[in-house]
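> Here you go, this is my_file_27.cif (mmCIF, C-alpha atoms and all ligand atoms).
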```
data_my_file
loop_
_atom_site.label_atom_id
_atom_site.label_comp_id
_atom_site.auth_asym_id
_atom_site.auth_seq_id
_atom_site.Cartn_x
_atom_site.Cartn_y
_atom_site.Cartn_z
CA MET A 1013 -41.77 -54.38 7.12
CA LYS A 1014 -42.66 -58.04 7.84
CA TYR A 1015 -39.21 -59.04 6.69
CA LEU A 1016 -37.53 -56.52 9.01
CA ASP A 1017 -39.55 -57.95 11.90
CA LYS A 1018 -38.24 -61.40 11.01
CA VAL A 1019 -34.67 -60.09 10.96
CA ARG A 1020 -35.20 -58.52 14.35
CA ALA A 1021 -36.73 -61.70 15.79
CA GLU A 1022 -33.68 -63.59 14.57
CA LEU A 1023 -31.27 -61.09 16.14
CA GLU A 1024 -33.18 -61.38 19.40
CA ALA A 1025 -33.29 -65.19 19.22
CA PRO A 1026 -33.09 -67.02 22.57
CA ARG A 1027 -29.69 -67.97 23.89
CA GLU A 1028 -29.83 -71.64 22.91
CA GLN A 1029 -30.38 -70.63 19.26
CA ARG A 1030 -27.37 -68.31 19.30
CA MET A 1031 -24.74 -70.93 20.13
CA PHE A 1032 -21.42 -71.14 18.30
CA GLY A 1033 -22.02 -73.12 15.11
CA SER A 1034 -25.69 -72.17 14.85
CA GLY A 1035 -24.97 -69.59 12.15
CA TRP A 1036 -26.20 -66.77 14.39
CA ILE A 1037 -22.81 -65.19 15.07
CA SER A 1038 -21.73 -65.28 11.40
CA GLY A 1039 -25.18 -64.04 10.34
CA SER A 1040 -25.32 -61.06 12.67
CA ILE A 1041 -21.69 -59.99 12.12
CA GLY A 1042 -22.21 -60.48 8.38
CA LEU A 1043 -25.27 -58.26 8.51
CA LEU A 1044 -23.35 -55.61 10.46
CA ALA A 1045 -20.55 -55.78 7.86
CA GLY A 1046 -23.12 -55.44 5.05
CA ILE A 1047 -24.69 -52.36 6.61
CA VAL A 1048 -21.33 -50.77 7.44
CA GLY A 1049 -20.12 -51.50 3.90
CA PHE A 1050 -23.28 -49.95 2.50
CA VAL A 1051 -22.79 -46.74 4.49
CA MET A 1052 -19.08 -46.62 3.61
CA VAL A 1053 -19.99 -46.84 -0.07
CA LEU A 1054 -22.46 -43.98 0.32
CA ILE A 1055 -19.78 -41.89 2.03
CA LEU A 1056 -17.27 -42.66 -0.69
CA ARG A 1057 -19.68 -41.67 -3.44
CA ASN A 1058 -21.13 -38.56 -1.80
CA PRO A 1059 -18.37 -37.14 0.37
CA GLN A 1060 -19.83 -33.62 0.51
CA LEU A 1061 -23.20 -34.84 1.59
CA THR A 1062 -22.22 -37.31 4.23
CA SER A 1063 -19.11 -36.21 6.01
CA VAL A 1064 -17.79 -33.98 8.74
CA PRO A 1065 -15.00 -31.90 7.17
CA GLN A 1066 -12.49 -32.89 9.85
CA LEU A 1067 -13.02 -36.52 8.93
CA ALA A 1068 -12.58 -36.06 5.19
CA ALA A 1069 -8.97 -37.14 5.59
CA VAL A 1070 -10.20 -40.51 6.82
CA HIS A 1071 -12.21 -41.51 3.78
CA GLN A 1072 -9.95 -39.77 1.31
CA GLY A 1073 -7.01 -41.57 2.89
CA TRP A 1074 -5.33 -44.61 1.37
CA LEU A 1075 -6.76 -46.94 4.02
CA PHE A 1076 -10.45 -46.33 3.41
CA LYS A 1077 -10.81 -48.43 0.27
CA PRO A 1078 -8.86 -51.48 1.51
CA VAL A 1079 -10.96 -51.41 4.70
CA LEU A 1080 -14.12 -51.17 2.61
CA TYR A 1081 -13.08 -54.18 0.51
CA PHE A 1082 -12.25 -56.11 3.65
CA VAL A 1083 -15.66 -55.25 5.17
CA LEU A 1084 -17.51 -56.29 2.01
CA ILE A 1085 -15.55 -59.52 1.56
CA SER A 1086 -16.04 -60.54 5.20
CA GLY A 1087 -19.73 -59.61 4.90
CA PHE A 1088 -20.00 -61.93 1.92
CA VAL A 1089 -18.11 -64.84 3.52
CA LEU A 1090 -19.98 -64.57 6.83
CA ALA A 1091 -23.36 -64.33 5.09
CA ALA A 1092 -22.54 -67.46 3.08
CA LEU A 1093 -21.40 -69.25 6.24
CA SER A 1094 -24.62 -68.37 8.04
CA LEU A 1095 -26.72 -69.52 5.07
CA VAL A 1096 -24.98 -72.88 5.24
CA LEU A 1097 -25.12 -73.31 9.02
CA ARG A 1098 -28.51 -71.91 9.94
CA ARG A 1099 -31.87 -73.47 9.19
CA ASP A 1100 -33.62 -70.08 9.23
CA LYS A 1101 -32.13 -68.18 6.29
CA THR A 1102 -33.43 -64.72 7.28
CA LEU A 1103 -30.23 -63.45 8.90
CA GLY A 1104 -27.85 -64.88 6.30
CA GLY A 1105 -30.14 -63.66 3.52
CA ALA A 1106 -30.32 -60.12 4.88
CA ALA A 1107 -26.53 -60.05 5.33
CA MET A 1108 -26.06 -61.26 1.74
CA VAL A 1109 -28.51 -58.73 0.29
CA ALA A 1110 -26.90 -55.82 2.20
CA THR A 1111 -23.38 -56.87 1.14
CA LEU A 1112 -24.28 -57.39 -2.53
CA LEU A 1113 -26.23 -54.15 -2.70
CA ALA A 1114 -23.26 -52.25 -1.25
CA THR A 1115 -20.91 -53.94 -3.73
CA MET A 1116 -23.19 -53.10 -6.66
CA ILE A 1117 -23.57 -49.43 -5.78
CA GLY A 1118 -19.86 -49.20 -5.05
CA SER A 1119 -18.93 -50.55 -8.46
CA LEU A 1120 -21.22 -48.25 -10.49
CA ALA A 1121 -19.07 -46.14 -12.79
CA THR A 1122 -20.18 -42.54 -12.21
CA GLU A 1123 -18.92 -40.31 -9.42
CA HIS A 1124 -21.41 -37.85 -8.01
CA HIS A 1125 -20.34 -34.69 -6.27
CA ILE A 1126 -23.32 -33.09 -4.63
CA LYS A 1127 -22.30 -29.89 -2.93
CA VAL A 1128 -24.17 -28.96 0.18
CA GLU A 1129 -22.66 -25.84 1.70
CA GLY A 1130 -22.58 -25.48 5.44
CA ILE A 1131 -24.48 -28.53 6.55
CA PHE A 1132 -22.71 -31.79 7.15
CA PHE A 1133 -24.64 -34.72 8.39
CA GLY A 1134 -21.71 -36.55 9.86
CA LEU A 1135 -22.75 -39.94 8.57
CA ASP A 1136 -19.15 -41.09 8.67
CA PHE A 1137 -18.78 -39.91 12.24
CA PHE A 1138 -21.81 -41.98 13.11
CA VAL A 1139 -20.34 -45.08 11.52
CA LEU A 1140 -16.99 -44.56 13.25
CA ASN A 1141 -18.75 -43.85 16.51
CA VAL A 1142 -20.98 -46.88 16.59
CA LEU A 1143 -18.40 -49.13 14.98
CA PHE A 1144 -15.52 -48.27 17.30
CA THR A 1145 -17.62 -48.14 20.43
CA GLY A 1146 -19.31 -51.39 19.47
CA LEU A 1147 -16.05 -53.10 18.51
CA LEU A 1148 -14.53 -52.01 21.80
CA PHE A 1149 -17.40 -52.66 24.18
CA ILE A 1150 -19.19 -55.72 22.75
CA PRO A 1151 -16.22 -58.05 23.45
CA VAL A 1152 -15.41 -56.28 26.74
CA GLU A 1153 -19.01 -56.81 27.90
CA ARG A 1154 -18.87 -60.47 26.79
CA ILE A 1155 -15.77 -61.10 28.90
CA PHE A 1156 -16.46 -58.96 31.97
CA ALA A 1157 -20.26 -59.02 31.97
CA ARG A 1158 -22.14 -58.23 35.15
CA TYR A 1159 -25.29 -59.72 33.58
CA LYS A 1160 -24.05 -62.70 31.60
CA ASP A 1161 -27.39 -63.53 29.97
CA GLN A 1162 -27.97 -60.02 28.64
CA SER A 1163 -27.70 -60.00 24.84
CA VAL A 1164 -26.44 -57.09 22.75
CA PHE A 1165 -29.94 -57.13 21.27
CA ARG A 1166 -31.69 -56.79 24.61
CA ASP A 1167 -35.06 -55.11 25.09
CA GLU A 1168 -35.20 -51.62 23.52
CA TRP A 1169 -31.78 -51.93 21.84
CA ARG A 1170 -33.17 -50.36 18.67
CA GLU A 1171 -34.32 -47.24 20.55
CA ASP A 1172 -30.90 -46.79 22.13
CA LEU A 1173 -29.10 -47.37 18.86
CA PHE A 1174 -31.33 -44.67 17.40
CA TYR A 1175 -30.21 -42.32 20.18
CA TYR A 1176 -26.67 -43.04 19.10
CA LEU A 1177 -27.63 -42.28 15.52
CA VAL A 1178 -29.21 -38.94 16.32
CA SER A 1179 -26.46 -37.59 18.54
CA SER A 1180 -23.71 -38.72 16.19
CA LEU A 1181 -25.56 -37.60 13.07
CA PHE A 1182 -25.92 -34.07 14.35
CA VAL A 1183 -22.54 -33.84 15.96
CA GLN A 1184 -21.74 -30.60 14.08
CA ILE A 1185 -24.96 -28.88 14.99
CA LEU A 1186 -24.73 -30.11 18.56
CA THR A 1187 -21.18 -28.87 18.93
CA PHE A 1188 -22.16 -25.47 17.60
CA LEU A 1189 -25.22 -25.18 19.83
CA THR A 1190 -23.47 -26.36 22.95
CA LEU A 1191 -20.48 -24.09 22.49
CA ALA A 1192 -22.57 -21.01 21.64
CA PRO A 1193 -23.00 -19.74 25.25
CA SER A 1194 -19.30 -20.08 26.09
CA ASN A 1195 -18.22 -18.50 22.79
CA PHE A 1196 -20.17 -15.46 23.92
CA VAL A 1197 -18.25 -15.27 27.20
CA ILE A 1198 -14.85 -15.87 25.61
CA GLY A 1199 -15.01 -12.53 23.78
CA HIS A 1200 -13.99 -10.66 26.95
CA GLN A 1201 -10.42 -9.43 27.27
CA GLU A 1202 -10.19 -9.31 31.10
CA LEU A 1203 -9.55 -13.03 31.27
CA ALA A 1204 -6.31 -12.89 29.28
CA THR A 1205 -4.03 -13.24 32.33
CA VAL A 1206 -6.00 -16.17 33.73
CA ARG A 1207 -5.86 -17.83 30.35
CA GLY A 1208 -2.15 -17.30 29.98
CA TRP A 1209 -1.55 -18.83 33.40
CA ALA A 1210 -3.81 -21.84 32.71
CA ARG A 1211 -2.12 -22.56 29.40
CA GLY A 1212 1.27 -22.47 31.10
CA LEU A 1213 0.38 -25.38 33.39
CA PRO A 1214 1.67 -28.88 32.55
CA TRP A 1215 -0.66 -30.63 30.10
CA VAL A 1216 -1.72 -33.40 32.51
CA VAL A 1217 -2.52 -30.84 35.22
CA GLN A 1218 -4.67 -28.96 32.70
CA LEU A 1219 -6.51 -32.16 31.82
CA ILE A 1220 -7.22 -33.00 35.47
CA ALA A 1221 -8.31 -29.40 36.12
CA ILE A 1222 -10.74 -29.60 33.17
CA MET A 1223 -12.14 -32.87 34.54
CA LEU A 1224 -12.56 -31.35 38.02
CA LEU A 1225 -14.21 -28.14 36.84
CA THR A 1226 -16.52 -29.95 34.44
CA ASP A 1227 -17.56 -32.56 36.96
CA PHE A 1228 -18.21 -29.91 39.60
CA ALA A 1229 -20.55 -28.04 37.22
CA GLN A 1230 -22.01 -31.32 36.04
CA TYR A 1231 -22.67 -32.46 39.64
CA TRP A 1232 -24.89 -29.48 40.48
CA LEU A 1233 -26.64 -29.36 37.12
CA HIS A 1234 -27.29 -33.10 37.35
CA ARG A 1235 -28.65 -32.65 40.88
CA ALA A 1236 -30.94 -29.88 39.64
CA PHE A 1237 -32.17 -32.18 36.86
CA HIS A 1238 -33.20 -34.61 39.60
CA ARG A 1239 -34.73 -32.08 42.02
CA VAL A 1240 -36.60 -29.59 39.79
CA PRO A 1241 -39.78 -31.32 38.55
CA PHE A 1242 -39.76 -29.65 35.11
CA LEU A 1243 -36.12 -30.59 34.53
CA TRP A 1244 -36.71 -34.12 35.81
CA GLY A 1245 -39.15 -34.67 32.91
CA PHE A 1246 -36.16 -34.39 30.56
CA HIS A 1247 -33.69 -36.33 32.67
CA ALA A 1248 -36.24 -39.11 33.34
CA VAL A 1249 -35.66 -40.19 29.74
CA HIS A 1250 -32.03 -41.03 30.59
CA HIS A 1251 -33.17 -42.93 33.68
CA SER A 1252 -35.85 -44.87 31.83
CA ALA A 1253 -33.28 -47.45 30.63
CA LYS A 1254 -34.10 -50.81 32.21
CA SER A 1255 -30.85 -52.50 31.21
CA MET A 1256 -27.35 -51.11 31.48
CA ASP A 1257 -24.84 -51.48 28.68
CA TRP A 1258 -22.68 -49.40 26.32
CA MET A 1259 -25.75 -48.24 24.38
CA ALA A 1260 -27.84 -47.25 27.41
CA GLY A 1261 -25.83 -44.09 28.12
CA ALA A 1262 -26.74 -42.62 24.73
CA ARG A 1263 -30.39 -42.38 25.77
CA MET A 1264 -30.71 -38.71 26.62
CA HIS A 1265 -33.25 -36.03 25.70
CA PHE A 1266 -31.96 -33.81 22.88
CA LEU A 1267 -32.43 -30.64 24.93
CA GLU A 1268 -30.68 -32.14 27.93
CA ILE A 1269 -27.63 -32.91 25.80
CA ILE A 1270 -27.46 -29.27 24.69
CA VAL A 1271 -27.88 -27.83 28.20
CA LEU A 1272 -25.57 -30.37 29.81
CA ARG A 1273 -22.74 -29.92 27.30
CA SER A 1274 -22.91 -26.14 27.22
CA VAL A 1275 -23.17 -25.58 30.98
CA THR A 1276 -20.52 -28.11 31.97
CA ALA A 1277 -18.05 -26.97 29.31
CA THR A 1278 -18.38 -23.29 30.18
CA PRO A 1279 -16.00 -23.05 33.22
CA ALA A 1280 -13.18 -24.81 31.37
CA LEU A 1281 -13.73 -22.73 28.23
CA ILE A 1282 -13.78 -19.44 30.12
CA ILE A 1283 -10.49 -20.23 31.82
CA GLY A 1284 -9.22 -21.21 28.40
CA PHE A 1285 -7.05 -24.27 28.61
CA ASP A 1286 -4.90 -25.57 25.82
CA GLU A 1287 -6.96 -26.72 22.85
CA SER A 1288 -5.37 -30.18 22.79
CA ALA A 1289 -6.21 -30.70 26.48
CA LEU A 1290 -9.84 -29.74 25.78
CA GLN A 1291 -9.96 -32.13 22.83
CA ALA A 1292 -8.45 -34.92 24.91
CA TYR A 1293 -11.14 -34.25 27.49
CA MET A 1294 -13.87 -34.60 24.85
CA LEU A 1295 -12.53 -38.03 24.01
CA ILE A 1296 -12.29 -39.00 27.69
CA VAL A 1297 -15.85 -37.93 28.42
CA TYR A 1298 -17.13 -39.81 25.39
CA VAL A 1299 -15.39 -43.08 26.25
CA SER A 1300 -15.94 -42.82 30.00
CA SER A 1301 -19.67 -42.08 29.75
CA THR A 1302 -20.04 -45.17 27.58
CA PHE A 1303 -17.90 -47.18 30.00
CA ILE A 1304 -19.72 -46.23 33.22
CA HIS A 1305 -23.05 -47.40 31.74
CA SER A 1306 -21.59 -50.61 30.32
CA ASN A 1307 -22.45 -54.12 31.41
CA VAL A 1308 -19.07 -54.61 33.11
CA GLY A 1309 -19.13 -56.30 36.52
CA THR A 1310 -15.45 -55.97 37.42
CA HIS A 1311 -14.61 -54.54 40.84
CA PHE A 1312 -11.77 -52.03 40.71
CA GLY A 1313 -10.85 -52.01 44.41
CA PHE A 1314 -9.42 -48.79 45.87
CA LEU A 1315 -9.59 -47.11 42.44
CA GLU A 1316 -13.36 -46.97 42.90
CA LYS A 1317 -12.71 -44.43 45.67
CA ILE A 1318 -10.85 -42.13 43.29
CA LEU A 1319 -12.66 -42.45 39.96
CA VAL A 1320 -16.16 -43.32 38.79
CA PHE A 1321 -16.46 -46.93 37.55
CA PRO A 1322 -19.54 -48.81 36.25
CA ARG A 1323 -20.71 -49.98 39.72
CA PHE A 1324 -20.85 -46.37 40.96
CA HIS A 1325 -22.96 -45.11 38.06
CA HIS A 1326 -25.08 -48.28 38.01
CA TRP A 1327 -26.16 -47.31 41.54
CA HIS A 1328 -27.19 -43.93 40.17
CA HIS A 1329 -29.54 -45.81 37.81
CA GLY A 1330 -30.73 -48.29 40.48
CA ILE A 1331 -34.49 -48.75 40.83
CA GLU A 1332 -34.53 -49.35 44.60
CA LYS A 1333 -35.16 -46.71 47.23
CA GLU A 1334 -31.56 -46.52 48.48
CA ALA A 1335 -30.41 -45.62 44.92
CA VAL A 1336 -32.62 -42.53 44.60
CA ASP A 1337 -30.66 -39.26 44.20
CA VAL A 1338 -27.19 -40.66 44.84
CA ASN A 1339 -23.89 -40.68 42.90
CA PHE A 1340 -24.29 -37.63 40.67
CA ALA A 1341 -20.60 -37.31 39.76
CA ILE A 1342 -19.34 -38.79 36.50
CA HIS A 1343 -15.57 -38.56 37.09
CA PHE A 1344 -14.79 -38.09 40.80
CA PRO A 1345 -16.81 -39.84 43.55
CA PHE A 1346 -15.37 -37.45 46.19
CA LEU A 1347 -17.85 -34.80 44.98
CA ASP A 1348 -20.69 -37.01 46.21
CA ARG A 1349 -18.87 -37.62 49.51
CA LEU A 1350 -18.37 -33.88 49.90
CA PHE A 1351 -22.01 -33.02 49.25
CA GLY A 1352 -23.58 -35.99 51.05
CA THR A 1353 -24.95 -38.05 48.14
CA HIS A 1354 -22.41 -40.89 48.02
CA HIS A 1355 -23.72 -44.48 47.95
CA LEU A 1356 -21.50 -47.46 47.17
CA PRO A 1357 -22.22 -50.43 49.50
CA ASP A 1358 -19.28 -52.88 49.58
CA GLY A 1359 -19.41 -55.37 46.72
CA LYS A 1360 -23.13 -54.82 46.11
CA TRP A 1361 -24.99 -53.93 42.91
CA PRO A 1362 -28.53 -52.60 42.49
CA ASN A 1363 -31.39 -55.10 42.00
CA GLY A 1364 -32.69 -53.43 38.86
CA TYR A 1365 -32.62 -50.27 36.78
CA GLY A 1366 -35.06 -47.58 35.77
CA ILE A 1367 -37.75 -45.53 37.52
CA PRO A 1368 -40.38 -47.24 39.74
CA ASP A 1369 -43.56 -47.93 37.68
CA HIS A 1370 -41.65 -46.94 34.51
CA PRO A 1371 -43.57 -43.73 33.67
CA VAL A 1372 -41.56 -42.87 30.52
CA PRO A 1373 -43.06 -44.30 27.29
CA LYS A 1374 -41.03 -46.43 24.88
CA GLY A 1375 -39.73 -45.04 21.59
CA TYR A 1376 -37.60 -42.04 20.61
CA TRP A 1377 -40.33 -39.62 19.53
CA LYS A 1378 -42.61 -40.32 22.49
CA GLN A 1379 -39.65 -39.76 24.79
CA LEU A 1380 -38.83 -36.51 23.00
CA LEU A 1381 -42.35 -35.23 23.80
CA TYR A 1382 -42.53 -36.80 27.26
CA PRO A 1383 -41.34 -33.79 29.35
CA PHE A 1384 -43.90 -31.50 27.69
CA ARG A 1385 -46.78 -33.97 27.96
CA LYS A 1386 -45.88 -34.67 31.59
CA ARG A 1387 -46.07 -30.95 32.32
CA ALA A 1388 -49.43 -30.60 30.56
CA ALA A 1389 -50.88 -33.58 32.43
ZN ZN A 1401 -29.37 -38.82 36.83
ZN ZN A 1402 -26.40 -42.46 33.32
#
```
Produce structure tokens that represent the structure in this file.
Ligand SMILES: [Zn+2]
Ligand SMILES: [Zn+2]

Amino acid sequence: MKYLDKVRAELEAPREQRMFGSGWISGSIGLLAGIVGFVMVLILRNPQLTSVPQLAAVHQGWLFKPVLYFVLISGFVLAALSLVLRRDKTLGGAAMVATLLATMIGSLATEHHIKVEGIFFGLDFFVLNVLFTGLLFIPVERIFARYKDQSVFRDEWREDLFYYLVSSLFVQILTFLTLAPSNFVIGHQELATVRGWARGLPWVVQLIAIMLLTDFAQYWLHRAFHRVPFLWGFHAVHHSAKSMDWMAGARMHFLEIIVLRSVTATPALIIGFDESALQAYMLIVYVSSTFIHSNVGTHFGFLEKILVFPRFHHWHHGIEKEAVDVNFAIHFPFLDRLFGTHHLPDGKWPNGYGIPDHPVPKGYWKQLLYPFRKRAA
């Protein structure tokens, strides 16, 4: 455990020790490559155990192995580079160990096929999730940062990464649970005409209609999560983030995810839009909810009146009085204008994030219990 603490201290090293040429960049990317390579090897060796069926094509495809080799080779080269450049060998050493371990396991001769019927842990989805989101948002946040001094490894980054892990790991179970209420409704025949009409609309119109319906439901549910004390205990976890970036949005109580996804998806599912439009929406909501929490300080001019951008949702997370109970929408700011909760002062950003006095404890498991303990107290 001591060694892991040292690795963490190195990742969180002060800015002047992270400069180009200090071996920090090569060390931390090398370590990431080592870990990703390690997980990819596990997926390759135990496909039944680790994968979502829909993604099987990805790691059984011709590209998976070349990508794995590339990841392992770059992990090795970057680890070596960091070991040369950096006086403290912790980061380079950890990157080297992870890469070599992955290579060793990958080159063992036997192929295991452990069959686990029904349950898929979606380890590959997790890797894709974190990897793609990270690859997309880390450079974007470097270039367009609102808070230039904020590191990827800011305070509580491990907690938020763990939130990412949990929601991605149980993506199958979560999808099933969240769609269960609407599956129940869909069984009714009376809606056939409505469904036929909805599916006949142009695809883009369907997509916008899904966004509108979902955000409308989301607006009122979100408002209830703020106003009803018992519900606030759950939602307070999401608002406990003190820094905003691409990882911060993942912080959400497990039960809130289930309620939020099932309630907001229900109107669109009852009407029954085209499956591809619904899938496209899932992708949009995933990317946009990461984006609106991200550390991106760009102003988007008149577009900010039409769609939700980071500044709008950052105000929702603002710690100051004027930011309390404003900006509930996640796609269309006009909903907040319509219902009197809109707050977007020209060119201004909140002074800080979180809840005054920070009542929510740190750590995933304490936050999971927080709403129940709060109620008992
Ligand atoms: Zn909220
Ligand atoms: Zn948020």
> Write out as a list of chain:residue names each polymer residue (protein, DNA or RNA) that has an atom no more than 10 Å from ligand ZN 1401 (chain A), with only C-alpha atoms and all ligand atoms counted.
A:Tyr1231, A:Leu1233, A:His1234, A:Arg1235, A:Ala1236, A:Phe1237, A:His1238, A:Trp1244, A:His1247, A:Ala1248, A:Val1249, A:His1250, A:His1251, A:His1325, A:His1328, A:His1329, A:Val1336, A:Asp1337, A:Val1338, A:Asn1339, A:Phe1340, A:Ala1341
> Okay, now the selection with C-alpha atoms, as a PDB file, in the coordinates of the input?

```pdb
ATOM      1  CA  TYR A1231     -22.670 -32.460  39.640  1.00  0.00           C
ATOM      2  CA  LEU A1233     -26.640 -29.360  37.120  1.00  0.00           C
ATOM      3  CA  HIS A1234     -27.290 -33.100  37.350  1.00  0.00           C
ATOM      4  CA  ARG A1235     -28.650 -32.650  40.880  1.00  0.00           C
ATOM      5  CA  ALA A1236     -30.940 -29.880  39.640  1.00  0.00           C
ATOM      6  CA  PHE A1237     -32.170 -32.180  36.860  1.00  0.00           C
ATOM      7  CA  HIS A1238     -33.200 -34.610  39.600  1.00  0.00           C
ATOM      8  CA  TRP A1244     -36.710 -34.120  35.810  1.00  0.00           C
ATOM      9  CA  HIS A1247     -33.690 -36.330  32.670  1.00  0.00           C
ATOM     10  CA  ALA A1248     -36.240 -39.110  33.340  1.00  0.00           C
ATOM     11  CA  VAL A1249     -35.660 -40.190  29.740  1.00  0.00           C
ATOM     12  CA  HIS A1250     -32.030 -41.030  30.590  1.00  0.00           C
ATOM     13  CA  HIS A1251     -33.170 -42.930  33.680  1.00  0.00           C
ATOM     14  CA  HIS A1325     -22.960 -45.110  38.060  1.00  0.00           C
ATOM     15  CA  HIS A1328     -27.190 -43.930  40.170  1.00  0.00           C
ATOM     16  CA  HIS A1329     -29.540 -45.810  37.810  1.00  0.00           C
ATOM     17  CA  VAL A1336     -32.620 -42.530  44.600  1.00  0.00           C
ATOM     18  CA  ASP A1337     -30.660 -39.260  44.200  1.00  0.00           C
ATOM     19  CA  VAL A1338     -27.190 -40.660  44.840  1.00  0.00           C
ATOM     20  CA  ASN A1339     -23.890 -40.680  42.900  1.00  0.00           C
ATOM     21  CA  PHE A1340     -24.290 -37.630  40.670  1.00  0.00           C
ATOM     22  CA  ALA A1341     -20.600 -37.310  39.760  1.00  0.00           C
TER      23      ALA A1341
END
```
> Could you state the separation of atom CA of A:Thr1276 and atom CA of A:Leu1347 in Å, given to one decimal place?
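Atom CA of A:Leu1347 lies 14.9 Å from atom CA of A:Thr1276.
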> Can you work out which residues are within 12 Å of ligand ZN 1402 (chain A), considering all atoms listed in the file, and then hand them over as a PyMOL selection string?
chain A and resi 1234+1247-1264+1300-1306+1320-1330+1338-1342+1365-1366
> Write the residues you've just listed into a file as a PDB file, in the frame of the given file, and include C-alpha atoms for each of them.

```pdb
ATOM      1  CA  HIS A1234     -27.290 -33.100  37.350  1.00  0.00           C
ATOM      2  CA  HIS A1247     -33.690 -36.330  32.670  1.00  0.00           C
ATOM      3  CA  ALA A1248     -36.240 -39.110  33.340  1.00  0.00           C
ATOM      4  CA  VAL A1249     -35.660 -40.190  29.740  1.00  0.00           C
ATOM      5  CA  HIS A1250     -32.030 -41.030  30.590  1.00  0.00           C
ATOM      6  CA  HIS A1251     -33.170 -42.930  33.680  1.00  0.00           C
ATOM      7  CA  SER A1252     -35.850 -44.870  31.830  1.00  0.00           C
ATOM      8  CA  ALA A1253     -33.280 -47.450  30.630  1.00  0.00           C
ATOM      9  CA  LYS A1254     -34.100 -50.810  32.210  1.00  0.00           C
ATOM     10  CA  SER A1255     -30.850 -52.500  31.210  1.00  0.00           C
ATOM     11  CA  MET A1256     -27.350 -51.110  31.480  1.00  0.00           C
ATOM     12  CA  ASP A1257     -24.840 -51.480  28.680  1.00  0.00           C
ATOM     13  CA  TRP A1258     -22.680 -49.400  26.320  1.00  0.00           C
ATOM     14  CA  MET A1259     -25.750 -48.240  24.380  1.00  0.00           C
ATOM     15  CA  ALA A1260     -27.840 -47.250  27.410  1.00  0.00           C
ATOM     16  CA  GLY A1261     -25.830 -44.090  28.120  1.00  0.00           C
ATOM     17  CA  ALA A1262     -26.740 -42.620  24.730  1.00  0.00           C
ATOM     18  CA  ARG A1263     -30.390 -42.380  25.770  1.00  0.00           C
ATOM     19  CA  MET A1264     -30.710 -38.710  26.620  1.00  0.00           C
ATOM     20  CA  SER A1300     -15.940 -42.820  30.000  1.00  0.00           C
ATOM     21  CA  SER A1301     -19.670 -42.080  29.750  1.00  0.00           C
ATOM     22  CA  THR A1302     -20.040 -45.170  27.580  1.00  0.00           C
ATOM     23  CA  PHE A1303     -17.900 -47.180  30.000  1.00  0.00           C
ATOM     24  CA  ILE A1304     -19.720 -46.230  33.220  1.00  0.00           C
ATOM     25  CA  HIS A1305     -23.050 -47.400  31.740  1.00  0.00           C
ATOM     26  CA  SER A1306     -21.590 -50.610  30.320  1.00  0.00           C
ATOM     27  CA  VAL A1320     -16.160 -43.320  38.790  1.00  0.00           C
ATOM     28  CA  PHE A1321     -16.460 -46.930  37.550  1.00  0.00           C
ATOM     29  CA  PRO A1322     -19.540 -48.810  36.250  1.00  0.00           C
ATOM     30  CA  ARG A1323     -20.710 -49.980  39.720  1.00  0.00           C
ATOM     31  CA  PHE A1324     -20.850 -46.370  40.960  1.00  0.00           C
ATOM     32  CA  HIS A1325     -22.960 -45.110  38.060  1.00  0.00           C
ATOM     33  CA  HIS A1326     -25.080 -48.280  38.010  1.00  0.00           C
ATOM     34  CA  TRP A1327     -26.160 -47.310  41.540  1.00  0.00           C
ATOM     35  CA  HIS A1328     -27.190 -43.930  40.170  1.00  0.00           C
ATOM     36  CA  HIS A1329     -29.540 -45.810  37.810  1.00  0.00           C
ATOM     37  CA  GLY A1330     -30.730 -48.290  40.480  1.00  0.00           C
ATOM     38  CA  VAL A1338     -27.190 -40.660  44.840  1.00  0.00           C
ATOM     39  CA  ASN A1339     -23.890 -40.680  42.900  1.00  0.00           C
ATOM     40  CA  PHE A1340     -24.290 -37.630  40.670  1.00  0.00           C
ATOM     41  CA  ALA A1341     -20.600 -37.310  39.760  1.00  0.00           C
ATOM     42  CA  ILE A1342     -19.340 -38.790  36.500  1.00  0.00           C
ATOM     43  CA  TYR A1365     -32.620 -50.270  36.780  1.00  0.00           C
ATOM     44  CA  GLY A1366     -35.060 -47.580  35.770  1.00  0.00           C
TER      45      GLY A1366
END
```
> Residues within 10 Å of (-19.6, -65.4, 3.8), file coordinates, counting only C-alpha atoms: what are they? Give the list as a PyMOL selection string.
chain A and resi 1038-1039+1042+1084-1096+1104+1107-1108+1111
> To one decimal place, how far is atom CA of A:Gly1035 from atom CA of A:Val1019 in Å?
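Between atom CA of A:Gly1035 and atom CA of A:Val1019 the gap is 13.6 Å.
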> Any idea what the distance is between atom CA of A:Arg1273 and atom CA of A:Phe1384?
21.2 Å
> Compare A:Ala1106, A:Ile1047, A:Leu1380, A:Val1164 by their minimum atom-to-atom distance to A:Val1152, counting all atoms listed in the file, and give me the closest one.
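Ranking A:Ala1106, A:Ile1047, A:Leu1380, A:Val1164 by distance to A:Val1152, first place goes to A:Val1164.
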> When you look at A:Leu1023 with a cut-off of 10 Å (counting only C-alpha atoms), what residues show up, excluding the ones that are within fewer than 5 positions of it in the same chain? I need them as a list in words.
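The residues satisfying every condition are Asp1017, Lys1018, Arg1030, Trp1036, Ile1037, Gly1039, Ser1040, Thr1102, Leu1103, Ser1163, Val1164, Phe1165 and Arg1166 of chain A.
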> Which residue gives the smallest distance to A:Ile1283 among A:Lys1386, A:His1343, A:Arg1211, A:Arg1057, with all atoms listed in the file counted?
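Nearest candidate to A:Ile1283 out of A:Lys1386, A:His1343, A:Arg1211, A:Arg1057: A:Arg1211.
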